[in-house]
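Peer 1: mmCIF, C-alpha atoms, file target-v1.cif:
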```
data_entry
#
loop_
_atom_site.label_atom_id
_atom_site.label_comp_id
_atom_site.auth_asym_id
_atom_site.auth_seq_id
_atom_site.Cartn_x
_atom_site.Cartn_y
_atom_site.Cartn_z
CA MET A 677 -67.61 -34.35 -10.96
CA LYS A 678 -64.95 -31.96 -12.19
CA SER A 679 -61.78 -31.50 -10.17
CA PRO A 680 -61.40 -28.07 -8.58
CA PRO A 681 -59.13 -25.67 -10.45
CA ARG A 682 -55.41 -26.02 -9.65
CA TYR A 683 -54.69 -22.29 -9.87
CA PRO A 684 -53.54 -21.97 -6.26
CA GLN A 685 -50.88 -24.63 -6.80
CA ALA A 686 -49.80 -22.96 -10.05
CA VAL A 687 -49.59 -19.59 -8.34
CA ASN A 688 -47.58 -21.12 -5.51
CA GLY A 689 -45.21 -22.66 -8.03
CA ILE A 690 -44.70 -19.35 -9.81
CA LEU A 691 -44.09 -17.61 -6.50
CA SER A 692 -41.56 -20.25 -5.50
CA VAL A 693 -39.66 -19.83 -8.75
CA ALA A 694 -39.77 -16.05 -8.44
CA LEU A 695 -38.50 -16.25 -4.88
CA LEU A 696 -35.67 -18.53 -5.97
CA ILE A 697 -34.68 -16.11 -8.75
CA LEU A 698 -34.70 -13.17 -6.35
CA THR A 699 -32.64 -15.14 -3.83
CA VAL A 700 -29.99 -15.75 -6.49
CA ILE A 701 -30.07 -12.40 -8.29
CA LEU A 702 -30.51 -9.85 -5.52
CA PRO A 703 -27.28 -10.66 -3.63
CA SER A 704 -25.37 -10.41 -6.91
CA PHE A 705 -27.04 -7.11 -7.71
CA THR A 706 -26.28 -5.80 -4.22
CA LEU A 707 -22.68 -6.94 -4.53
CA ALA A 708 -22.34 -5.16 -7.87
CA GLN A 709 -23.77 -2.00 -6.35
CA ASP A 710 -21.31 -2.21 -3.43
CA VAL A 711 -18.13 -2.68 -5.50
CA LEU A 712 -15.63 0.04 -4.56
CA PRO A 713 -18.25 2.23 -2.82
CA SER A 714 -15.77 5.03 -2.02
CA TRP A 715 -14.95 5.44 -5.72
CA ASN A 716 -16.96 7.73 -7.97
CA ASP A 717 -18.53 6.13 -11.04
CA THR A 718 -15.82 7.33 -13.40
CA ALA A 719 -13.73 5.69 -16.11
CA ALA A 720 -11.10 4.77 -13.49
CA LYS A 721 -13.51 2.59 -11.52
CA SER A 722 -14.86 1.03 -14.71
CA ARG A 723 -11.39 0.12 -15.95
CA ILE A 724 -10.52 -1.61 -12.68
CA ILE A 725 -13.77 -3.60 -12.63
CA ASP A 726 -13.41 -4.52 -16.30
CA PHE A 727 -9.89 -5.83 -15.69
CA VAL A 728 -10.93 -7.93 -12.69
CA THR A 729 -13.97 -9.26 -14.57
CA LYS A 730 -11.88 -10.18 -17.60
CA THR A 731 -9.14 -11.93 -15.65
CA THR A 732 -11.51 -13.91 -13.41
CA THR A 733 -14.12 -15.04 -15.94
CA GLU A 734 -13.41 -18.66 -16.84
CA GLY A 735 -13.37 -19.32 -20.55
CA GLY A 736 -12.84 -15.66 -21.36
CA GLU A 737 -9.98 -14.41 -23.49
CA GLY A 738 -8.20 -12.68 -20.60
CA TYR A 739 -8.77 -15.36 -17.95
CA VAL A 740 -5.93 -15.79 -15.45
CA PRO A 741 -5.94 -18.81 -13.10
CA PRO A 742 -6.01 -17.97 -9.37
CA ASP A 743 -2.43 -19.06 -8.68
CA GLU A 744 -1.22 -16.37 -11.11
CA ARG A 745 -3.38 -13.54 -9.75
CA ILE A 746 -0.78 -11.47 -7.95
CA ALA A 747 -1.24 -7.77 -7.19
CA VAL A 748 1.52 -5.53 -5.81
CA PHE A 749 1.11 -2.12 -4.19
CA ASP A 750 3.52 0.58 -3.22
CA ASN A 751 2.77 1.87 0.29
CA ASP A 752 3.81 5.51 0.84
CA GLY A 753 1.48 7.72 -1.18
CA THR A 754 -0.36 4.71 -2.64
CA LEU A 755 -1.98 3.08 0.39
CA TRP A 756 -1.50 5.88 2.92
CA SER A 757 -0.44 9.53 2.87
CA GLU A 758 3.21 10.50 2.53
CA GLN A 759 3.01 14.24 3.19
CA PRO A 760 4.34 16.42 4.72
CA TYR A 761 6.98 13.66 4.95
CA TYR A 762 7.20 9.87 4.85
CA PHE A 763 5.74 8.34 7.99
CA GLN A 764 8.96 6.44 8.60
CA LEU A 765 10.81 9.75 8.64
CA GLY A 766 8.39 10.88 11.35
CA PHE A 767 9.40 7.77 13.28
CA VAL A 768 13.09 8.63 12.78
CA LEU A 769 12.60 12.20 14.02
CA ASP A 770 10.74 11.03 17.12
CA ARG A 771 13.39 8.38 17.84
CA VAL A 772 16.22 10.92 17.64
CA LYS A 773 14.43 13.17 20.14
CA LYS A 774 13.77 10.24 22.47
CA LEU A 775 17.38 9.05 22.36
CA ALA A 776 18.88 12.56 22.58
CA PRO A 777 19.31 12.60 26.41
CA GLN A 778 21.73 9.68 26.01
CA HIS A 779 23.73 11.60 23.38
CA PRO A 780 24.53 15.16 24.49
CA GLU A 781 26.98 15.41 21.56
CA TRP A 782 24.01 15.54 19.19
CA GLN A 783 23.33 19.13 20.27
CA GLU A 784 26.28 20.18 18.10
CA LYS A 785 26.46 17.33 15.58
CA GLU A 786 24.60 17.26 12.28
CA PRO A 787 22.16 15.99 11.16
CA PHE A 788 21.01 15.41 14.75
CA LYS A 789 21.35 19.07 15.67
CA SER A 790 18.88 20.08 12.95
CA VAL A 791 16.43 17.35 13.97
CA LEU A 792 16.45 18.54 17.57
CA ALA A 793 15.90 22.11 16.35
CA ASN A 794 13.00 20.96 14.13
CA ASP A 795 14.89 22.30 11.11
CA LEU A 796 13.73 19.80 8.50
CA ALA A 797 14.97 21.95 5.63
CA ASN A 798 18.53 21.64 6.91
CA VAL A 799 18.07 17.90 7.47
CA ALA A 800 17.00 17.57 3.83
CA ALA A 801 19.96 19.69 2.75
CA GLY A 802 22.22 17.01 4.21
CA GLY A 803 21.09 14.72 1.42
CA GLU A 804 21.10 10.94 1.34
CA ARG A 805 24.15 10.61 3.59
CA ALA A 806 22.43 12.47 6.43
CA LEU A 807 19.20 10.46 6.08
CA VAL A 808 21.09 7.15 6.04
CA GLU A 809 22.95 8.18 9.21
CA LEU A 810 19.66 9.01 10.93
CA VAL A 811 18.07 5.73 9.88
CA MET A 812 21.06 3.61 10.93
CA THR A 813 21.20 5.33 14.32
CA THR A 814 17.49 4.86 15.04
CA HIS A 815 16.90 1.47 13.39
CA ALA A 816 19.96 -0.57 14.39
CA GLY A 817 21.65 -1.75 17.56
CA MET A 818 18.74 -3.84 18.80
CA THR A 819 17.16 -7.22 18.12
CA THR A 820 14.34 -7.68 15.64
CA ASP A 821 11.92 -8.35 18.50
CA GLU A 822 12.96 -5.14 20.26
CA PHE A 823 12.56 -3.13 17.07
CA ASN A 824 9.14 -4.64 16.43
CA LYS A 825 7.98 -3.45 19.86
CA ILE A 826 9.46 0.04 19.36
CA VAL A 827 7.61 0.41 16.06
CA THR A 828 4.35 -1.01 17.42
CA ASP A 829 4.45 1.35 20.41
CA TRP A 830 5.18 4.33 18.15
CA PHE A 831 2.22 3.61 15.88
CA ALA A 832 0.00 3.28 18.96
CA SER A 833 0.72 6.85 20.08
CA ALA A 834 2.14 8.95 17.20
CA LYS A 835 -0.11 11.46 15.45
CA HIS A 836 0.00 12.95 11.96
CA PRO A 837 1.36 16.54 12.13
CA LYS A 838 -1.47 18.03 10.02
CA THR A 839 -4.59 16.10 10.99
CA GLY A 840 -3.72 15.00 14.53
CA ARG A 841 -5.02 11.53 13.66
CA PRO A 842 -3.03 8.33 14.30
CA PHE A 843 -0.81 7.53 11.33
CA THR A 844 -2.68 4.26 10.87
CA ASP A 845 -5.88 6.30 10.29
CA MET A 846 -4.26 8.02 7.32
CA THR A 847 -4.77 5.03 5.05
CA PHE A 848 -6.77 5.58 1.86
CA LEU A 849 -10.23 4.04 2.11
CA PRO A 850 -10.65 3.59 -1.68
CA MET A 851 -7.39 1.66 -1.83
CA ARG A 852 -8.36 -0.54 1.09
CA GLU A 853 -11.60 -1.31 -0.77
CA LEU A 854 -9.56 -2.15 -3.85
CA LEU A 855 -7.41 -4.58 -1.85
CA ASP A 856 -10.54 -6.27 -0.50
CA TYR A 857 -12.10 -6.38 -3.97
CA LEU A 858 -9.05 -8.07 -5.48
CA ARG A 859 -8.80 -10.60 -2.66
CA ALA A 860 -12.50 -11.42 -3.05
CA HIS A 861 -11.55 -12.48 -6.59
CA ASP A 862 -8.66 -14.69 -5.46
CA PHE A 863 -5.84 -12.19 -5.95
CA ARG A 864 -2.90 -12.36 -3.56
CA THR A 865 -1.98 -8.83 -2.49
CA TYR A 866 1.56 -7.72 -1.64
CA ILE A 867 3.19 -4.48 -0.53
CA VAL A 868 6.38 -3.58 -2.42
CA SER A 869 7.72 -0.40 -0.83
CA GLY A 870 10.90 1.59 -0.43
CA GLY A 871 10.07 1.81 3.27
CA GLY A 872 11.75 -0.42 5.82
CA VAL A 873 10.20 -3.87 5.77
CA GLU A 874 10.33 -4.23 9.56
CA PHE A 875 8.83 -0.78 10.00
CA MET A 876 5.76 -1.80 7.96
CA ARG A 877 5.20 -5.41 8.97
CA PRO A 878 3.89 -4.77 12.51
CA ILE A 879 0.86 -2.87 11.18
CA THR A 880 0.10 -3.97 7.59
CA GLU A 881 -2.28 -6.79 8.49
CA LYS A 882 -4.42 -4.55 10.66
CA ALA A 883 -4.25 -1.62 8.24
CA TYR A 884 -4.69 -3.45 4.93
CA GLY A 885 -5.30 -7.15 5.56
CA ILE A 886 -1.82 -7.91 4.20
CA PRO A 887 0.14 -10.33 6.43
CA PRO A 888 3.83 -9.68 7.25
CA GLU A 889 5.10 -12.37 4.89
CA GLN A 890 3.52 -10.50 1.96
CA VAL A 891 5.43 -7.28 2.63
CA ILE A 892 8.59 -6.51 0.66
CA GLY A 893 10.68 -3.49 1.63
CA SER A 894 14.14 -2.10 2.22
CA THR A 895 16.30 -3.96 4.74
CA ILE A 896 19.39 -3.49 6.86
CA VAL A 897 21.91 -6.23 7.60
CA THR A 898 20.70 -8.67 10.25
CA GLU A 899 22.83 -11.31 11.97
CA TYR A 900 22.17 -14.33 14.16
CA ALA A 901 23.59 -14.01 17.68
CA LEU A 902 23.32 -15.54 21.15
CA VAL A 903 22.47 -13.44 24.18
CA GLY A 904 23.47 -15.78 26.97
CA ASP A 905 21.95 -18.95 25.59
CA VAL A 906 19.06 -17.22 23.81
CA PRO A 907 19.21 -16.95 19.99
CA VAL A 908 18.30 -13.53 18.59
CA LEU A 909 18.48 -11.64 15.32
CA ARG A 910 20.49 -8.44 15.74
CA ARG A 911 20.03 -5.42 13.47
CA LEU A 912 23.29 -3.86 12.27
CA PRO A 913 23.89 -0.28 11.03
CA GLU A 914 24.46 -1.30 7.43
CA LEU A 915 22.13 -1.19 4.42
CA ASP A 916 21.32 -4.56 2.90
CA PHE A 917 18.71 -3.99 0.15
CA VAL A 918 16.98 -0.84 -1.10
CA ASP A 919 13.55 -1.71 -2.43
CA ASP A 920 13.00 1.37 -4.55
CA GLY A 921 13.21 2.23 -8.25
CA PRO A 922 14.88 -0.67 -10.10
CA GLY A 923 15.09 -2.54 -6.80
CA LYS A 924 11.33 -3.12 -6.78
CA PRO A 925 11.12 -5.62 -9.67
CA VAL A 926 14.26 -7.29 -8.29
CA GLY A 927 12.58 -7.63 -4.91
CA ILE A 928 9.39 -9.02 -6.47
CA ASN A 929 11.36 -11.63 -8.38
CA GLN A 930 13.44 -12.53 -5.34
CA PHE A 931 10.65 -12.79 -2.77
CA ILE A 932 7.54 -13.67 -4.80
CA GLY A 933 9.09 -15.48 -7.75
CA GLN A 934 6.26 -14.58 -10.16
CA ARG A 935 5.49 -11.55 -12.26
CA PRO A 936 2.33 -9.84 -10.94
CA ILE A 937 -0.57 -8.95 -13.22
CA PHE A 938 -1.71 -5.89 -11.23
CA VAL A 939 0.45 -3.06 -9.90
CA ALA A 940 -0.34 0.22 -8.16
CA GLY A 941 2.05 3.06 -7.36
CA ASN A 942 2.12 6.84 -7.14
CA SER A 943 5.64 8.08 -7.88
CA ASP A 944 8.71 7.77 -10.07
CA GLY A 945 10.06 5.35 -7.47
CA ASP A 946 7.47 2.91 -8.81
CA TYR A 947 8.32 3.49 -12.48
CA GLU A 948 10.44 0.37 -13.04
CA MET A 949 7.91 -1.79 -11.20
CA LEU A 950 5.08 -0.55 -13.43
CA ARG A 951 7.20 -1.07 -16.56
CA TRP A 952 8.14 -4.61 -15.56
CA VAL A 953 4.64 -5.74 -14.60
CA THR A 954 3.05 -4.38 -17.79
CA ALA A 955 5.74 -6.03 -19.93
CA GLY A 956 4.50 -9.47 -18.89
CA LYS A 957 2.76 -11.96 -21.16
CA GLN A 958 -0.62 -11.04 -19.70
CA HIS A 959 0.02 -7.33 -20.34
CA GLY A 960 -0.72 -6.56 -16.72
CA PHE A 961 -2.76 -3.71 -15.34
CA ALA A 962 -0.94 -0.68 -13.90
CA MET A 963 -2.32 2.34 -12.07
CA LEU A 964 -0.93 5.52 -10.55
CA VAL A 965 -2.55 7.39 -7.67
CA HIS A 966 -2.28 11.07 -8.63
CA HIS A 967 -2.48 13.39 -5.62
CA THR A 968 -4.71 16.19 -6.92
CA ASP A 969 -6.80 16.96 -3.85
CA GLY A 970 -5.24 19.72 -1.77
CA GLU A 971 -8.41 20.12 0.27
CA ARG A 972 -9.02 16.57 1.47
CA GLU A 973 -5.39 15.41 1.29
CA TYR A 974 -2.48 17.06 -0.57
CA ALA A 975 -1.91 18.19 -4.16
CA TYR A 976 1.57 17.48 -5.54
CA ASP A 977 3.43 15.66 -8.29
CA ARG A 978 6.44 16.82 -10.35
CA ASN A 979 8.21 19.06 -7.82
CA SER A 980 7.55 17.24 -4.57
CA SER A 981 10.39 16.15 -2.28
CA PHE A 982 8.29 13.18 -1.22
CA GLY A 983 6.52 11.08 -3.83
CA LYS A 984 7.74 12.95 -6.91
CA LEU A 985 5.61 11.97 -9.92
CA ASP A 986 7.09 13.18 -13.20
CA LYS A 987 8.54 10.53 -15.50
CA ALA A 988 5.82 7.99 -14.73
CA LEU A 989 3.11 10.60 -15.31
CA ASN A 990 4.63 11.49 -18.68
CA ASP A 991 4.65 7.84 -19.74
CA ALA A 992 1.24 6.85 -18.37
CA GLU A 993 -0.88 7.62 -21.43
CA ARG A 994 1.34 5.95 -24.03
CA ARG A 995 1.80 2.89 -21.86
CA ASN A 996 -1.94 2.67 -21.05
CA TRP A 997 -1.42 3.04 -17.30
CA LEU A 998 -4.50 4.19 -15.43
CA VAL A 999 -4.00 7.53 -13.67
CA VAL A 1000 -6.39 7.77 -10.73
CA ASP A 1001 -7.29 11.40 -10.07
CA MET A 1002 -7.81 11.49 -6.32
CA LYS A 1003 -10.05 14.57 -6.45
CA ALA A 1004 -12.25 13.36 -9.30
CA ASP A 1005 -12.28 9.59 -8.79
CA TRP A 1006 -12.65 9.21 -5.01
CA LYS A 1007 -15.79 9.99 -3.03
CA SER A 1008 -13.79 9.95 0.19
CA VAL A 1009 -10.12 9.71 1.05
CA TYR A 1010 -9.77 8.46 4.64
CA PRO A 1011 -11.94 6.19 6.78
CA LYS A 1012 -14.31 8.23 8.92
#
```
For the structure just supplied, provide its representation as structure tokens.

Peer 2:
Amino acid sequence: MKSPPRYPQAVNGILSVALLILTVILPSFTLAQDVLPSWNDTAAKSRIIDFVTKTTTEGGEGYVPPDERIAVFDNDGTLWSEQPYYFQLGFVLDRVKKLAPQHPEWQEKEPFKSVLANDLANVAAGGERALVELVMTTHAGMTTDEFNKIVTDWFASAKHPKTGRPFTDMTFLPMRELLDYLRAHDFRTYIVSGGGVEFMRPITEKAYGIPPEQVIGSTIVTEYALVGDVPVLRRLPELDFVDDGPGKPVGINQFIGQRPIFVAGNSDGDYEMLRWVTAGKQHGFAMLVHHTDGEREYAYDRNSSFGKLDKALNDAERRNWLVVDMKADWKSVYPK
């Protein structure tokens, strides 16, 4: 007697193999579809994905081992908005107004008088000296723990002057996706900003997934002291390190100790950092966020008081730096 046909077993085998293939392929396909979802499918997105693919594909010509995958990002104008003024300046203005009752002399003393009168044009006319005086007055004279609480409380209540949203809601969703995308491929992500390091650290982990120890910024002099028998770190009214312009590569070398292979900025204050990163042996990847969307955010570059982009924009093409056009390359700007 002939054995019954074995077609059912064969069909079951084929189905099992097909199911296994789908189990392996579909998640990868879905992941590919979900890469940088807030970015339009333009050349900018393709260049970023190509770079990450090249540097993380073992055996490939551009492969970079995980311990060398370092990415650095400016903050103001790169990861969150910086108009109509830097967020830290908003903090300074609010602090002056809060402290004013304790300083009646400020009613007649510049630059405090202009701050209290909401005359930002006159504050700006005071130049760097006036801004340094405002920062020293509002950022020093307390311990690091006290300053951390002041900053944290301010971020919890302060609102952006144009949108009325919390400042921490003014982060750029496409850039947050980029940070996540890089970290998913074993990049370590750092902030390298001209902003005060202790102004940023209380909120960077929540805002960007970047822990405090991976934030590099400008600092004021800090000293060890005893209050009674309790050791504290006291903030003094004296600049220590300015992490802007040529200070950025110096800060990276000092605090990270390796040359990054990915850098993102948005202004001439990032120019030296972009130059230094792309001069490395791996010919690192550099990108500029170009603020071209006056409807969803702001449109500015060469003539802006905050985030001026001129020299870096001129050099971008010949140095092969990616210029991200916010209006054309991003589907959305802020988280909903």

Peer 1: Would you write out, as a PyMOL selection string, every residue that the PyMOL selection byres ((chain A and resi 866-871) around 10) captures in this file?

Peer 2: chain A and resi 746-752+754-755+762-765+855+863-865+872-877+880+884-895+917-921+923-925+927-928+932+936+939-941+945-946+949

Peer 1: Pick out the closest residue to Leu998 (chain A) from this set: A:Pro878, A:His779, A:Met963, A:Glu899. Count only C-alpha atoms.

Peer 2: A:Met963

Peer 1: To one decimal place, how far is CA of Tyr974 (chain A) from CA of Pro842 (chain A) in Å?

Peer 2: 17.3 Å

Peer 1: With 6 Å as the cut-off and only C-alpha atoms counted, what is the closest atom pair between each nearby residue of region 727-825 of chain A and region 911-914 of chain A? Distances in Å to one decimal, ordered by chain and number, as a tab-separated table.

Peer 2:
```
residue	atom	partner	partner_atom	distance
A:Met812	CA	A:Pro913	CA	4.8
A:Ala816	CA	A:Arg911	CA	4.9
A:Gly817	CA	A:Arg911	CA	5.7
A:Met818	CA	A:Arg911	CA	5.7
A:Thr819	CA	A:Arg911	CA	5.8
```

Peer 1: Counting all atoms listed in the file, which of A:Phe843, A:Phe788, A:Phe938, A:Trp756 gets nearest to Gln958 (chain A)?

Peer 2: A:Phe938

Peer 1: Tell me, in Å to one decimal, how far CA of Phe848 (chain A) is from CA of Trp952 (chain A).

Peer 2: 25.1 Å

Peer 1: Which residue gives the smallest distance to Val728 (chain A) among A:Ala992, A:Ile937, A:Val827, A:Val908, with only C-alpha atoms counted?

Peer 2: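 Counting only C-alpha atoms, the residue closest to Val728 (chain A) is A:Ile937.
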
Peer 1: What lies within 12 Å of Val740 (chain A) using all atoms listed in the file, ignoring chain neighbours under 3 positions off, as an mmCIF file with C-alpha atoms, in the frame of the given file?

Peer 2:
```cif
data_model
loop_
_atom_site.group_PDB
_atom_site.id
_atom_site.type_symbol
_atom_site.label_atom_id
_atom_site.label_comp_id
_atom_site.auth_asym_id
_atom_site.auth_seq_id
_atom_site.Cartn_x
_atom_site.Cartn_y
_atom_site.Cartn_z
ATOM 1 C CA PHE A 727 -9.890 -5.830 -15.690
ATOM 2 C CA VAL A 728 -10.930 -7.930 -12.690
ATOM 3 C CA THR A 729 -13.970 -9.260 -14.570
ATOM 4 C CA LYS A 730 -11.880 -10.180 -17.600
ATOM 5 C CA THR A 731 -9.140 -11.930 -15.650
ATOM 6 C CA THR A 732 -11.510 -13.910 -13.410
ATOM 7 C CA THR A 733 -14.120 -15.040 -15.940
ATOM 8 C CA GLU A 734 -13.410 -18.660 -16.840
ATOM 9 C CA GLY A 735 -13.370 -19.320 -20.550
ATOM 10 C CA GLY A 736 -12.840 -15.660 -21.360
ATOM 11 C CA GLU A 737 -9.980 -14.410 -23.490
ATOM 12 C CA ASP A 743 -2.430 -19.060 -8.680
ATOM 13 C CA GLU A 744 -1.220 -16.370 -11.110
ATOM 14 C CA ARG A 745 -3.380 -13.540 -9.750
ATOM 15 C CA ILE A 746 -0.780 -11.470 -7.950
ATOM 16 C CA HIS A 861 -11.550 -12.480 -6.590
ATOM 17 C CA ASP A 862 -8.660 -14.690 -5.460
ATOM 18 C CA PHE A 863 -5.840 -12.190 -5.950
ATOM 19 C CA PRO A 936 2.330 -9.840 -10.940
ATOM 20 C CA ILE A 937 -0.570 -8.950 -13.220
ATOM 21 C CA PHE A 938 -1.710 -5.890 -11.230
ATOM 22 C CA LYS A 957 2.760 -11.960 -21.160
ATOM 23 C CA GLN A 958 -0.620 -11.040 -19.700
ATOM 24 C CA HIS A 959 0.020 -7.330 -20.340
ATOM 25 C CA GLY A 960 -0.720 -6.560 -16.720
#
```

Peer 1: Just how far from CA of Glu804 (chain A) is CA of Tyr947 (chain A), in Å to one decimal?

Peer 2: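 About the pair CA of Tyr947 (chain A) and CA of Glu804 (chain A): they are 20.2 Å apart.
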
Peer 1: Go through A:Phe982, A:Pro777, A:Ile724, A:Ser833 one by one, measure the shortest atom-to-atom distance of each to Asp845 (chain A) using only C-alpha atoms, and give the residue with the smallest value.

Peer 2: A:Ser833

Peer 1: Have a look at A:Val999, A:Val811, A:Met846, A:Val953 and name the one nearest to Glu758 (chain A); count only C-alpha atoms.

Peer 2: A:Met846

Peer 1: Name every residue that the PyMOL selection byres ((chain A and resi 1008) around 8) selects in this structure, writing the answer as a ChimeraX atom specification with chains first and numbers rising.

Peer 2: /A:714-715,849-850,1006-1007,1009-1011

Peer 1: Convert the current residue selection to file output with C-alpha atoms, as an mmCIF file, in the frame of the given file.

Peer 2:
```
data_model
loop_
_atom_site.group_PDB
_atom_site.id
_atom_site.type_symbol
_atom_site.label_atom_id
_atom_site.label_comp_id
_atom_site.auth_asym_id
_atom_site.auth_seq_id
_atom_site.Cartn_x
_atom_site.Cartn_y
_atom_site.Cartn_z
ATOM 1 C CA SER A 714 -15.770 5.030 -2.020
ATOM 2 C CA TRP A 715 -14.950 5.440 -5.720
ATOM 3 C CA LEU A 849 -10.230 4.040 2.110
ATOM 4 C CA PRO A 850 -10.650 3.590 -1.680
ATOM 5 C CA TRP A 1006 -12.650 9.210 -5.010
ATOM 6 C CA LYS A 1007 -15.790 9.990 -3.030
ATOM 7 C CA VAL A 1009 -10.120 9.710 1.050
ATOM 8 C CA TYR A 1010 -9.770 8.460 4.640
ATOM 9 C CA PRO A 1011 -11.940 6.190 6.780
#
```

Peer 1: Closest to Val808 (chain A) among A:Gln930, A:Leu915, A:Glu822, A:Gly983, using all atoms listed in the file?

Peer 2: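 The answer is A:Leu915, which sits nearest to Val808 (chain A).
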
Peer 1: Residues within 9 Å of region 772-775 of chain A, please, as a list in words. Count only C-alpha atoms; anything in the same chain fewer than 4 positions from it doesn't count.

Peer 2: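 Neighbouring residues, sequence-local ones excluded: Phe767, Val768, His779, Phe788, Val791, Leu792, Leu810, Thr813 and Thr814 of chain A.
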
Peer 1: Report as a list in words the full result of the PyMOL selection byres ((chain A and resi 1004) around 12) when it is applied to this structure.

Peer 2: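 Listing what the PyMOL selection byres ((chain A and resi 1004) around 12) selects in the shown file: Ser714, Trp715, Asn716, Asp717, Thr718, Ala719, Ala720, Lys721, Val965, His966, His967, Thr968, Asp969, Arg972, Val999, Val1000, Asp1001, Met1002, Lys1003, Asp1005, Trp1006, Lys1007, Ser1008 and Val1009 of chain A.
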
Peer 1: Write the residues of the selection above to a file with C-alpha atoms, as a PDB file, in the frame of the given file.

Peer 2:
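Printed below is result.pdb as written:
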```
ATOM      1  CA  SER A 714     -15.770   5.030  -2.020  1.00  0.00           C
ATOM      2  CA  TRP A 715     -14.950   5.440  -5.720  1.00  0.00           C
ATOM      3  CA  ASN A 716     -16.960   7.730  -7.970  1.00  0.00           C
ATOM      4  CA  ASP A 717     -18.530   6.130 -11.040  1.00  0.00           C
ATOM      5  CA  THR A 718     -15.820   7.330 -13.400  1.00  0.00           C
ATOM      6  CA  ALA A 719     -13.730   5.690 -16.110  1.00  0.00           C
ATOM      7  CA  ALA A 720     -11.100   4.770 -13.490  1.00  0.00           C
ATOM      8  CA  LYS A 721     -13.510   2.590 -11.520  1.00  0.00           C
ATOM      9  CA  VAL A 965      -2.550   7.390  -7.670  1.00  0.00           C
ATOM     10  CA  HIS A 966      -2.280  11.070  -8.630  1.00  0.00           C
ATOM     11  CA  HIS A 967      -2.480  13.390  -5.620  1.00  0.00           C
ATOM     12  CA  THR A 968      -4.710  16.190  -6.920  1.00  0.00           C
ATOM     13  CA  ASP A 969      -6.800  16.960  -3.850  1.00  0.00           C
ATOM     14  CA  ARG A 972      -9.020  16.570   1.470  1.00  0.00           C
ATOM     15  CA  VAL A 999      -4.000   7.530 -13.670  1.00  0.00           C
ATOM     16  CA  VAL A1000      -6.390   7.770 -10.730  1.00  0.00           C
ATOM     17  CA  ASP A1001      -7.290  11.400 -10.070  1.00  0.00           C
ATOM     18  CA  MET A1002      -7.810  11.490  -6.320  1.00  0.00           C
ATOM     19  CA  LYS A1003     -10.050  14.570  -6.450  1.00  0.00           C
ATOM     20  CA  ASP A1005     -12.280   9.590  -8.790  1.00  0.00           C
ATOM     21  CA  TRP A1006     -12.650   9.210  -5.010  1.00  0.00           C
ATOM     22  CA  LYS A1007     -15.790   9.990  -3.030  1.00  0.00           C
ATOM     23  CA  SER A1008     -13.790   9.950   0.190  1.00  0.00           C
ATOM     24  CA  VAL A1009     -10.120   9.710   1.050  1.00  0.00           C
TER      25      VAL A1009
END
```
